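Text of the file my_file02.pdb, holding PDB, C-alpha atoms, pLDDT in the B column:
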```pdb
ATOM      1  CA  MET A  50       0.000   0.000   0.000  1.00 51.00           C
ATOM      2  CA  GLU A  51       1.343   3.393  -0.967  1.00 61.00           C
ATOM      3  CA  ARG A  52       1.940   6.060   1.682  1.00 60.00           C
ATOM      4  CA  PRO A  53      -0.200   9.167   1.309  1.00 59.00           C
ATOM      5  CA  SER A  54       1.265  12.525   0.409  1.00 68.00           C
ATOM      6  CA  TRP A  55       2.976  14.605   3.089  1.00 69.00           C
ATOM      7  CA  ALA A  56       0.971  17.747   2.291  1.00 72.00           C
ATOM      8  CA  PRO A  57      -2.327  16.803   4.026  1.00 67.00           C
ATOM      9  CA  VAL A  58      -0.474  15.770   7.172  1.00 63.00           C
ATOM     10  CA  ILE A  59       1.504  18.987   7.432  1.00 71.00           C
ATOM     11  CA  PHE A  60      -1.102  21.476   6.258  1.00 72.00           C
ATOM     12  CA  SER A  61      -4.066  19.890   8.062  1.00 69.00           C
ATOM     13  CA  GLY A  62      -3.362  21.818  11.223  1.00 72.00           C
ATOM     14  CA  ALA A  63      -0.831  24.452  10.247  1.00 76.00           C
ATOM     15  CA  LEU A  64      -3.224  27.344  10.768  1.00 79.00           C
ATOM     16  CA  PRO A  65      -3.799  28.367  14.390  1.00 81.00           C
ATOM     17  CA  ARG A  66      -7.351  27.562  15.397  1.00 79.00           C
ATOM     18  CA  GLU A  67      -7.432  26.882  19.126  1.00 84.00           C
ATOM     19  CA  LEU A  68      -8.027  29.367  21.912  1.00 88.00           C
ATOM     20  CA  SER A  69      -4.500  28.922  23.255  1.00 88.00           C
ATOM     21  CA  ASP A  70      -3.090  29.792  19.831  1.00 89.00           C
ATOM     22  CA  LEU A  71      -5.231  32.909  19.632  1.00 91.00           C
ATOM     23  CA  LEU A  72      -4.178  33.939  23.132  1.00 93.00           C
ATOM     24  CA  ALA A  73      -0.521  33.511  22.166  1.00 93.00           C
ATOM     25  CA  ILE A  74      -1.115  35.707  19.111  1.00 94.00           C
ATOM     26  CA  ALA A  75      -2.787  38.325  21.315  1.00 94.00           C
ATOM     27  CA  ILE A  76       0.077  38.320  23.841  1.00 94.00           C
ATOM     28  CA  LEU A  77       2.717  38.661  21.141  1.00 93.00           C
ATOM     29  CA  GLY A  78       0.631  41.257  19.326  1.00 93.00           C
ATOM     30  CA  LEU A  79       0.303  43.406  22.433  1.00 93.00           C
ATOM     31  CA  ALA A  80       4.037  43.226  23.055  1.00 89.00           C
ATOM     32  CA  SER A  81       4.840  44.138  19.466  1.00 89.00           C
ATOM     33  CA  ILE A  82       2.316  47.022  19.417  1.00 90.00           C
ATOM     34  CA  GLN A  83       3.937  48.350  22.585  1.00 86.00           C
ATOM     35  CA  LEU A  84       7.322  48.228  20.873  1.00 83.00           C
ATOM     36  CA  VAL A  85       5.992  49.950  17.766  1.00 83.00           C
ATOM     37  CA  PHE A  86       4.593  52.858  19.782  1.00 85.00           C
ATOM     38  CA  SER A  87       7.692  53.255  21.946  1.00 79.00           C
ATOM     39  CA  GLN A  88      10.085  56.036  21.046  1.00 72.00           C
ATOM     40  CA  VAL A  89      13.047  53.719  20.482  1.00 69.00           C
ATOM     41  CA  PRO A  90      13.285  51.774  17.207  1.00 67.00           C
ATOM     42  CA  PRO A  91      12.955  47.999  17.822  1.00 66.00           C
ATOM     43  CA  PHE A  92      16.226  46.102  18.244  1.00 65.00           C
ATOM     44  CA  SER A  93      18.350  49.237  17.955  1.00 62.00           C
ATOM     45  CA  ARG A  94      19.929  48.767  21.362  1.00 58.00           C
ATOM     46  CA  ILE A  95      19.517  46.653  24.484  1.00 55.00           C
ATOM     47  CA  ASP A  96      16.167  47.774  25.816  1.00 58.00           C
ATOM     48  CA  ALA A  97      12.624  46.432  26.210  1.00 57.00           C
ATOM     49  CA  SER A  98      12.482  45.148  22.623  1.00 64.00           C
ATOM     50  CA  TRP A  99      14.822  42.305  23.527  1.00 70.00           C
ATOM     51  CA  ILE A 100      12.189  40.969  25.913  1.00 78.00           C
ATOM     52  CA  LEU A 101      10.717  39.280  22.808  1.00 80.00           C
ATOM     53  CA  LEU A 102      13.628  36.845  22.912  1.00 80.00           C
ATOM     54  CA  PHE A 103      12.213  35.562  26.207  1.00 86.00           C
ATOM     55  CA  LEU A 104       8.514  36.170  25.570  1.00 89.00           C
ATOM     56  CA  VAL A 105       8.184  34.359  22.242  1.00 92.00           C
ATOM     57  CA  PRO A 106       9.569  30.916  23.242  1.00 91.00           C
ATOM     58  CA  THR A 107       7.691  30.806  26.539  1.00 91.00           C
ATOM     59  CA  THR A 108       4.404  31.925  24.997  1.00 92.00           C
ATOM     60  CA  SER A 109       4.766  29.456  22.126  1.00 91.00           C
ATOM     61  CA  ALA A 110       5.632  26.573  24.448  1.00 90.00           C
ATOM     62  CA  LEU A 111       2.690  27.338  26.752  1.00 89.00           C
ATOM     63  CA  ALA A 112       0.331  27.486  23.775  1.00 89.00           C
ATOM     64  CA  ALA A 113       1.635  24.122  22.565  1.00 87.00           C
ATOM     65  CA  LEU A 114       1.300  22.518  25.993  1.00 85.00           C
ATOM     66  CA  SER A 115      -2.289  23.573  26.588  1.00 83.00           C
ATOM     67  CA  ASN A 116      -4.991  21.090  25.648  1.00 71.00           C
ATOM     68  CA  SER A 117      -2.368  18.385  25.172  1.00 66.00           C
ATOM     69  CA  SER A 118      -4.808  15.473  25.467  1.00 68.00           C
ATOM     70  CA  ASN A 119      -6.735  16.637  22.395  1.00 73.00           C
ATOM     71  CA  ARG A 120      -3.503  17.322  20.583  1.00 75.00           C
ATOM     72  CA  GLU A 121      -2.249  13.830  21.396  1.00 75.00           C
ATOM     73  CA  ARG A 122      -5.402  12.293  19.918  1.00 76.00           C
ATOM     74  CA  GLU A 123      -4.999  14.427  16.831  1.00 77.00           C
ATOM     75  CA  GLU A 124      -1.347  13.401  16.492  1.00 76.00           C
ATOM     76  CA  LEU A 125      -2.284   9.748  16.936  1.00 77.00           C
ATOM     77  CA  ALA A 126      -4.838  10.085  14.144  1.00 76.00           C
ATOM     78  CA  LEU A 127      -2.262  11.714  11.885  1.00 74.00           C
ATOM     79  CA  PHE A 128       0.223   8.988  12.722  1.00 74.00           C
ATOM     80  CA  ALA A 129      -2.372   6.299  11.971  1.00 74.00           C
ATOM     81  CA  TYR A 130      -3.184   8.072   8.704  1.00 74.00           C
ATOM     82  CA  GLY A 131       0.403   7.531   7.653  1.00 73.00           C
ATOM     83  CA  GLY A 132       2.160  10.632   8.846  1.00 73.00           C
ATOM     84  CA  SER A 133       5.646  10.294  10.217  1.00 76.00           C
ATOM     85  CA  THR A 134       6.869  11.866  13.423  1.00 78.00           C
ATOM     86  CA  GLY A 135       8.957  14.276  11.375  1.00 81.00           C
ATOM     87  CA  GLN A 136       5.919  15.415   9.404  1.00 81.00           C
ATOM     88  CA  ILE A 137       3.945  15.994  12.577  1.00 81.00           C
ATOM     89  CA  ALA A 138       6.864  17.945  14.062  1.00 84.00           C
ATOM     90  CA  VAL A 139       7.127  20.072  10.898  1.00 86.00           C
ATOM     91  CA  ARG A 140       3.384  20.704  11.119  1.00 86.00           C
ATOM     92  CA  ASN A 141       3.735  22.001  14.673  1.00 87.00           C
ATOM     93  CA  PHE A 142       6.814  24.039  13.733  1.00 93.00           C
ATOM     94  CA  LEU A 143       4.853  25.653  10.919  1.00 92.00           C
ATOM     95  CA  ARG A 144       1.922  26.422  13.228  1.00 92.00           C
ATOM     96  CA  GLY A 145       4.249  27.976  15.819  1.00 92.00           C
ATOM     97  CA  SER A 146       5.967  30.057  13.146  1.00 94.00           C
ATOM     98  CA  ILE A 147       2.612  31.290  11.854  1.00 94.00           C
ATOM     99  CA  ILE A 148       1.489  32.203  15.378  1.00 94.00           C
ATOM    100  CA  THR A 149       4.701  34.118  15.994  1.00 95.00           C
ATOM    101  CA  THR A 150       4.570  35.864  12.616  1.00 95.00           C
ATOM    102  CA  ILE A 151       0.976  37.005  13.103  1.00 95.00           C
ATOM    103  CA  GLY A 152       1.783  38.212  16.613  1.00 94.00           C
ATOM    104  CA  LEU A 153       4.806  40.175  15.419  1.00 92.00           C
ATOM    105  CA  LEU A 154       3.106  41.741  12.365  1.00 93.00           C
ATOM    106  CA  PRO A 155       3.198  45.286  13.810  1.00 91.00           C
ATOM    107  CA  ILE A 156       6.977  45.093  14.220  1.00 87.00           C
ATOM    108  CA  LEU A 157       7.377  43.486  10.797  1.00 87.00           C
ATOM    109  CA  PHE A 158       5.378  46.276   9.162  1.00 87.00           C
ATOM    110  CA  LEU A 159       7.431  48.897  10.991  1.00 84.00           C
ATOM    111  CA  LEU A 160      10.719  47.318   9.955  1.00 81.00           C
ATOM    112  CA  LEU A 161       9.609  46.772   6.360  1.00 81.00           C
ATOM    113  CA  THR A 162       8.344  50.336   5.964  1.00 82.00           C
ATOM    114  CA  ALA A 163      11.463  51.814   7.569  1.00 76.00           C
ATOM    115  CA  SER A 164      13.770  50.168   5.059  1.00 70.00           C
ATOM    116  CA  LEU A 165      13.068  47.810   2.234  1.00 64.00           C
ATOM    117  CA  SER A 166      16.447  46.161   2.615  1.00 65.00           C
ATOM    118  CA  LEU A 167      17.324  43.262   4.879  1.00 68.00           C
ATOM    119  CA  SER A 168      18.092  45.198   8.059  1.00 73.00           C
ATOM    120  CA  PRO A 169      19.543  43.668  11.227  1.00 76.00           C
ATOM    121  CA  GLY A 170      16.181  44.231  12.942  1.00 76.00           C
ATOM    122  CA  LEU A 171      14.401  42.225  10.264  1.00 80.00           C
ATOM    123  CA  ILE A 172      16.950  39.426  10.564  1.00 82.00           C
ATOM    124  CA  THR A 173      16.356  39.443  14.335  1.00 83.00           C
ATOM    125  CA  VAL A 174      12.582  39.169  13.834  1.00 85.00           C
ATOM    126  CA  ILE A 175      13.028  36.280  11.391  1.00 88.00           C
ATOM    127  CA  THR A 176      15.228  34.540  13.965  1.00 89.00           C
ATOM    128  CA  ILE A 177      12.595  35.132  16.653  1.00 91.00           C
ATOM    129  CA  VAL A 178       9.920  33.641  14.353  1.00 93.00           C
ATOM    130  CA  LEU A 179      12.038  30.519  13.850  1.00 94.00           C
ATOM    131  CA  VAL A 180      12.651  30.271  17.611  1.00 94.00           C
ATOM    132  CA  GLY A 181       8.886  30.582  18.191  1.00 94.00           C
ATOM    133  CA  GLY A 182       8.203  27.761  15.751  1.00 94.00           C
ATOM    134  CA  LEU A 183      10.842  25.576  17.375  1.00 95.00           C
ATOM    135  CA  ALA A 184       9.479  26.292  20.858  1.00 94.00           C
ATOM    136  CA  TYR A 185       5.962  25.375  19.689  1.00 92.00           C
ATOM    137  CA  ALA A 186       7.125  22.132  18.079  1.00 90.00           C
ATOM    138  CA  THR A 187       9.314  20.923  20.958  1.00 91.00           C
ATOM    139  CA  PRO A 188       6.504  19.704  23.305  1.00 86.00           C
ATOM    140  CA  ALA A 189       4.803  17.858  20.452  1.00 80.00           C
ATOM    141  CA  PHE A 190       8.079  16.274  19.382  1.00 82.00           C
ATOM    142  CA  ARG A 191       8.694  15.067  22.946  1.00 83.00           C
ATOM    143  CA  ARG A 192       5.124  13.759  23.129  1.00 79.00           C
ATOM    144  CA  ILE A 193       5.471  11.878  19.829  1.00 75.00           C
ATOM    145  CA  ARG A 194       8.796  10.336  20.833  1.00 74.00           C
ATOM    146  CA  SER A 195       7.543   9.136  24.217  1.00 71.00           C
ATOM    147  CA  SER A 196       6.755   5.507  24.934  1.00 68.00           C
ATOM    148  CA  ASN A 197       3.279   6.568  26.101  1.00 69.00           C
ATOM    149  CA  PHE A 198       2.483   7.727  22.562  1.00 64.00           C
ATOM    150  CA  VAL A 199       3.533   4.382  21.110  1.00 60.00           C
ATOM    151  CA  GLU A 200       1.420   2.500  23.678  1.00 66.00           C
ATOM    152  CA  HIS A 201      -1.650   4.547  22.710  1.00 61.00           C
ATOM    153  CA  TYR A 202      -0.979   3.868  19.053  1.00 58.00           C
ATOM    154  CA  LYS A 203      -0.712   0.104  19.576  1.00 55.00           C
ATOM    155  CA  GLY A 204      -3.740  -0.015  21.872  1.00 53.00           C
TER     156      GLY A 204
END
```
For this file, produce the structure as structure tokens.
Amino acid sequence: MERPSWAPVIFSGALPRELSDLLAIAILGLASIQLVFSQVPPFSRIDASWILLFLVPTTSALAALSNSSNREREELALFAYGGSTGQIAVRNFLRGSIITTIGLLPILFLLLTASLSLSPGLITVITIVLVGGLAYATPAFRRIRSSNFVEHYKG
């Protein structure tokens, strides 16, 4: 029997749709709006804008950890459908990156309108987005790799 395509497994849940995801977007959005309206350009020096380096991973990880029993059932269904653990981890990474990107849109717009070139601030935001995606995917990757997950799949 042929394995199904990777696209439905990854894109089936890439868009944020749970309350915890929306709360994470709201928290990151409020922090980025505060940085946009501050008098100091984001990431120009060591100030409050660097708090995003700590806020993004913790917010993403908390959003990924909430409602974990439903997420585990969903991951089991994707695994039974034929998805690999890597595909499920990429799916969660993509969802975390989307959450972080939407939350940081005010800063992205400010940086893109300030200069159309690849500024150090924009590179920092891209790095923060990747860190947010990784922080969102880490709890799911640990859950998938656990022996408890395998026992549920067999049973």
- Quick one: pull the distance between atom CA of Ile151 of chain A and atom CA of Ala163 of chain A, Å, one decimal.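 Value for the atom CA of Ile151 of chain A-atom CA of Ala163 of chain A distance: 19.0 Å.
With only C-alpha atoms taken into account, the protein and nucleic acid residues at most 8 Å from Glu124 of chain A (excluding it and anything under 3 positions from it in its own chain) are Arg120, Glu121, Leu127, Phe128, Ile137 and Ile193 of chain A.
Residues within 7 Å of Phe142 of chain A, counting only C-alpha atoms and excluding same-chain residues fewer than 3 positions away, are Ala138, Val139, Gly145, Ser146, Gly182, Leu183, Tyr185 and Ala186 of chain A.
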- Distance criterion (all atoms listed in the file): nearest to Ala63 of chain A out of A:Ile148, A:Val178, A:Leu111, A:Ala129: A:Ile148
- Task: Excluding Ala73 of chain A and any residue of its chain fewer than 3 positions from it, enumerate the residues within 12 Å of it, using all atoms listed in the file, and give them as a count of residues only.
- Result: 35
- Item | Contacts of Pro155 of chain A at 9 Å (only C-alpha atoms; same-chain gap of 4+ positions) as a VMD selection string | chain A and resid 78 81 to 82 84 to 85 151 159 to 160
Could I get segment 96-120 of chain A from the block written as an mmCIF file, in the first residue's frame, with N, CA and C atoms?
```
data_model
loop_
_atom_site.group_PDB
_atom_site.id
_atom_site.type_symbol
_atom_site.label_atom_id
_atom_site.label_comp_id
_atom_site.auth_asym_id
_atom_site.auth_seq_id
_atom_site.Cartn_x
_atom_site.Cartn_y
_atom_site.Cartn_z
ATOM 1 N N ASP A 96 17.258 47.136 25.084
ATOM 2 C CA ASP A 96 16.167 47.774 25.816
ATOM 3 C C ASP A 96 15.006 46.778 25.902
ATOM 4 N N ALA A 97 13.793 47.297 26.018
ATOM 5 C CA ALA A 97 12.624 46.432 26.210
ATOM 6 C C ALA A 97 12.304 45.579 24.995
ATOM 7 N N SER A 98 12.804 45.945 23.807
ATOM 8 C CA SER A 98 12.482 45.148 22.623
ATOM 9 C C SER A 98 13.115 43.762 22.683
ATOM 10 N N TRP A 99 14.173 43.610 23.433
ATOM 11 C CA TRP A 99 14.822 42.305 23.527
ATOM 12 C C TRP A 99 14.061 41.350 24.435
ATOM 13 N N ILE A 100 13.021 41.849 25.091
ATOM 14 C CA ILE A 100 12.189 40.969 25.913
ATOM 15 C C ILE A 100 11.481 39.936 25.020
ATOM 16 N N LEU A 101 11.329 40.240 23.731
ATOM 17 C CA LEU A 101 10.717 39.280 22.808
ATOM 18 C C LEU A 101 11.507 37.977 22.730
ATOM 19 N N LEU A 102 12.819 38.068 22.927
ATOM 20 C CA LEU A 102 13.628 36.845 22.912
ATOM 21 C C LEU A 102 13.225 35.885 24.019
ATOM 22 N N PHE A 103 12.674 36.413 25.111
ATOM 23 C CA PHE A 103 12.213 35.562 26.207
ATOM 24 C C PHE A 103 10.708 35.314 26.130
ATOM 25 N N LEU A 104 9.968 36.281 25.617
ATOM 26 C CA LEU A 104 8.514 36.170 25.570
ATOM 27 C C LEU A 104 8.039 35.180 24.510
ATOM 28 N N VAL A 105 8.646 35.202 23.346
ATOM 29 C CA VAL A 105 8.184 34.359 22.242
ATOM 30 C C VAL A 105 8.316 32.865 22.550
ATOM 31 N N PRO A 106 9.492 32.361 22.982
ATOM 32 C CA PRO A 106 9.569 30.916 23.242
ATOM 33 C C PRO A 106 8.655 30.452 24.369
ATOM 34 N N THR A 107 8.547 31.241 25.428
ATOM 35 C CA THR A 107 7.691 30.806 26.539
ATOM 36 C C THR A 107 6.220 30.830 26.151
ATOM 37 N N THR A 108 5.797 31.852 25.442
ATOM 38 C CA THR A 108 4.404 31.925 24.997
ATOM 39 C C THR A 108 4.081 30.805 24.017
ATOM 40 N N SER A 109 4.992 30.540 23.103
ATOM 41 C CA SER A 109 4.766 29.456 22.126
ATOM 42 C C SER A 109 4.720 28.098 22.809
ATOM 43 N N ALA A 110 5.617 27.864 23.747
ATOM 44 C CA ALA A 110 5.632 26.573 24.448
ATOM 45 C C ALA A 110 4.375 26.392 25.285
ATOM 46 N N LEU A 111 3.921 27.440 25.961
ATOM 47 C CA LEU A 111 2.690 27.338 26.752
ATOM 48 C C LEU A 111 1.479 27.093 25.859
ATOM 49 N N ALA A 112 1.444 27.730 24.701
ATOM 50 C CA ALA A 112 0.331 27.486 23.775
ATOM 51 C C ALA A 112 0.351 26.050 23.266
ATOM 52 N N ALA A 113 1.532 25.505 23.051
ATOM 53 C CA ALA A 113 1.635 24.122 22.565
ATOM 54 C C ALA A 113 1.291 23.119 23.653
ATOM 55 N N LEU A 114 1.565 23.452 24.901
ATOM 56 C CA LEU A 114 1.300 22.518 25.993
ATOM 57 C C LEU A 114 -0.156 22.501 26.441
ATOM 58 N N SER A 115 -0.899 23.547 26.160
ATOM 59 C CA SER A 115 -2.289 23.573 26.588
ATOM 60 C C SER A 115 -3.104 22.622 25.728
ATOM 61 N N ASN A 116 -4.099 22.022 26.331
ATOM 62 C CA ASN A 116 -4.991 21.090 25.648
ATOM 63 C C ASN A 116 -4.221 19.923 25.016
ATOM 64 N N SER A 117 -3.244 19.412 25.741
ATOM 65 C CA SER A 117 -2.368 18.385 25.172
ATOM 66 C C SER A 117 -3.065 17.046 24.960
ATOM 67 N N SER A 118 -4.123 16.750 25.697
ATOM 68 C CA SER A 118 -4.808 15.473 25.467
ATOM 69 C C SER A 118 -5.501 15.461 24.112
ATOM 70 N N ASN A 119 -6.118 16.571 23.728
ATOM 71 C CA ASN A 119 -6.735 16.637 22.395
ATOM 72 C C ASN A 119 -5.682 16.633 21.306
ATOM 73 N N ARG A 120 -4.578 17.298 21.569
ATOM 74 C CA ARG A 120 -3.503 17.322 20.583
ATOM 75 C C ARG A 120 -2.903 15.926 20.408
#
```
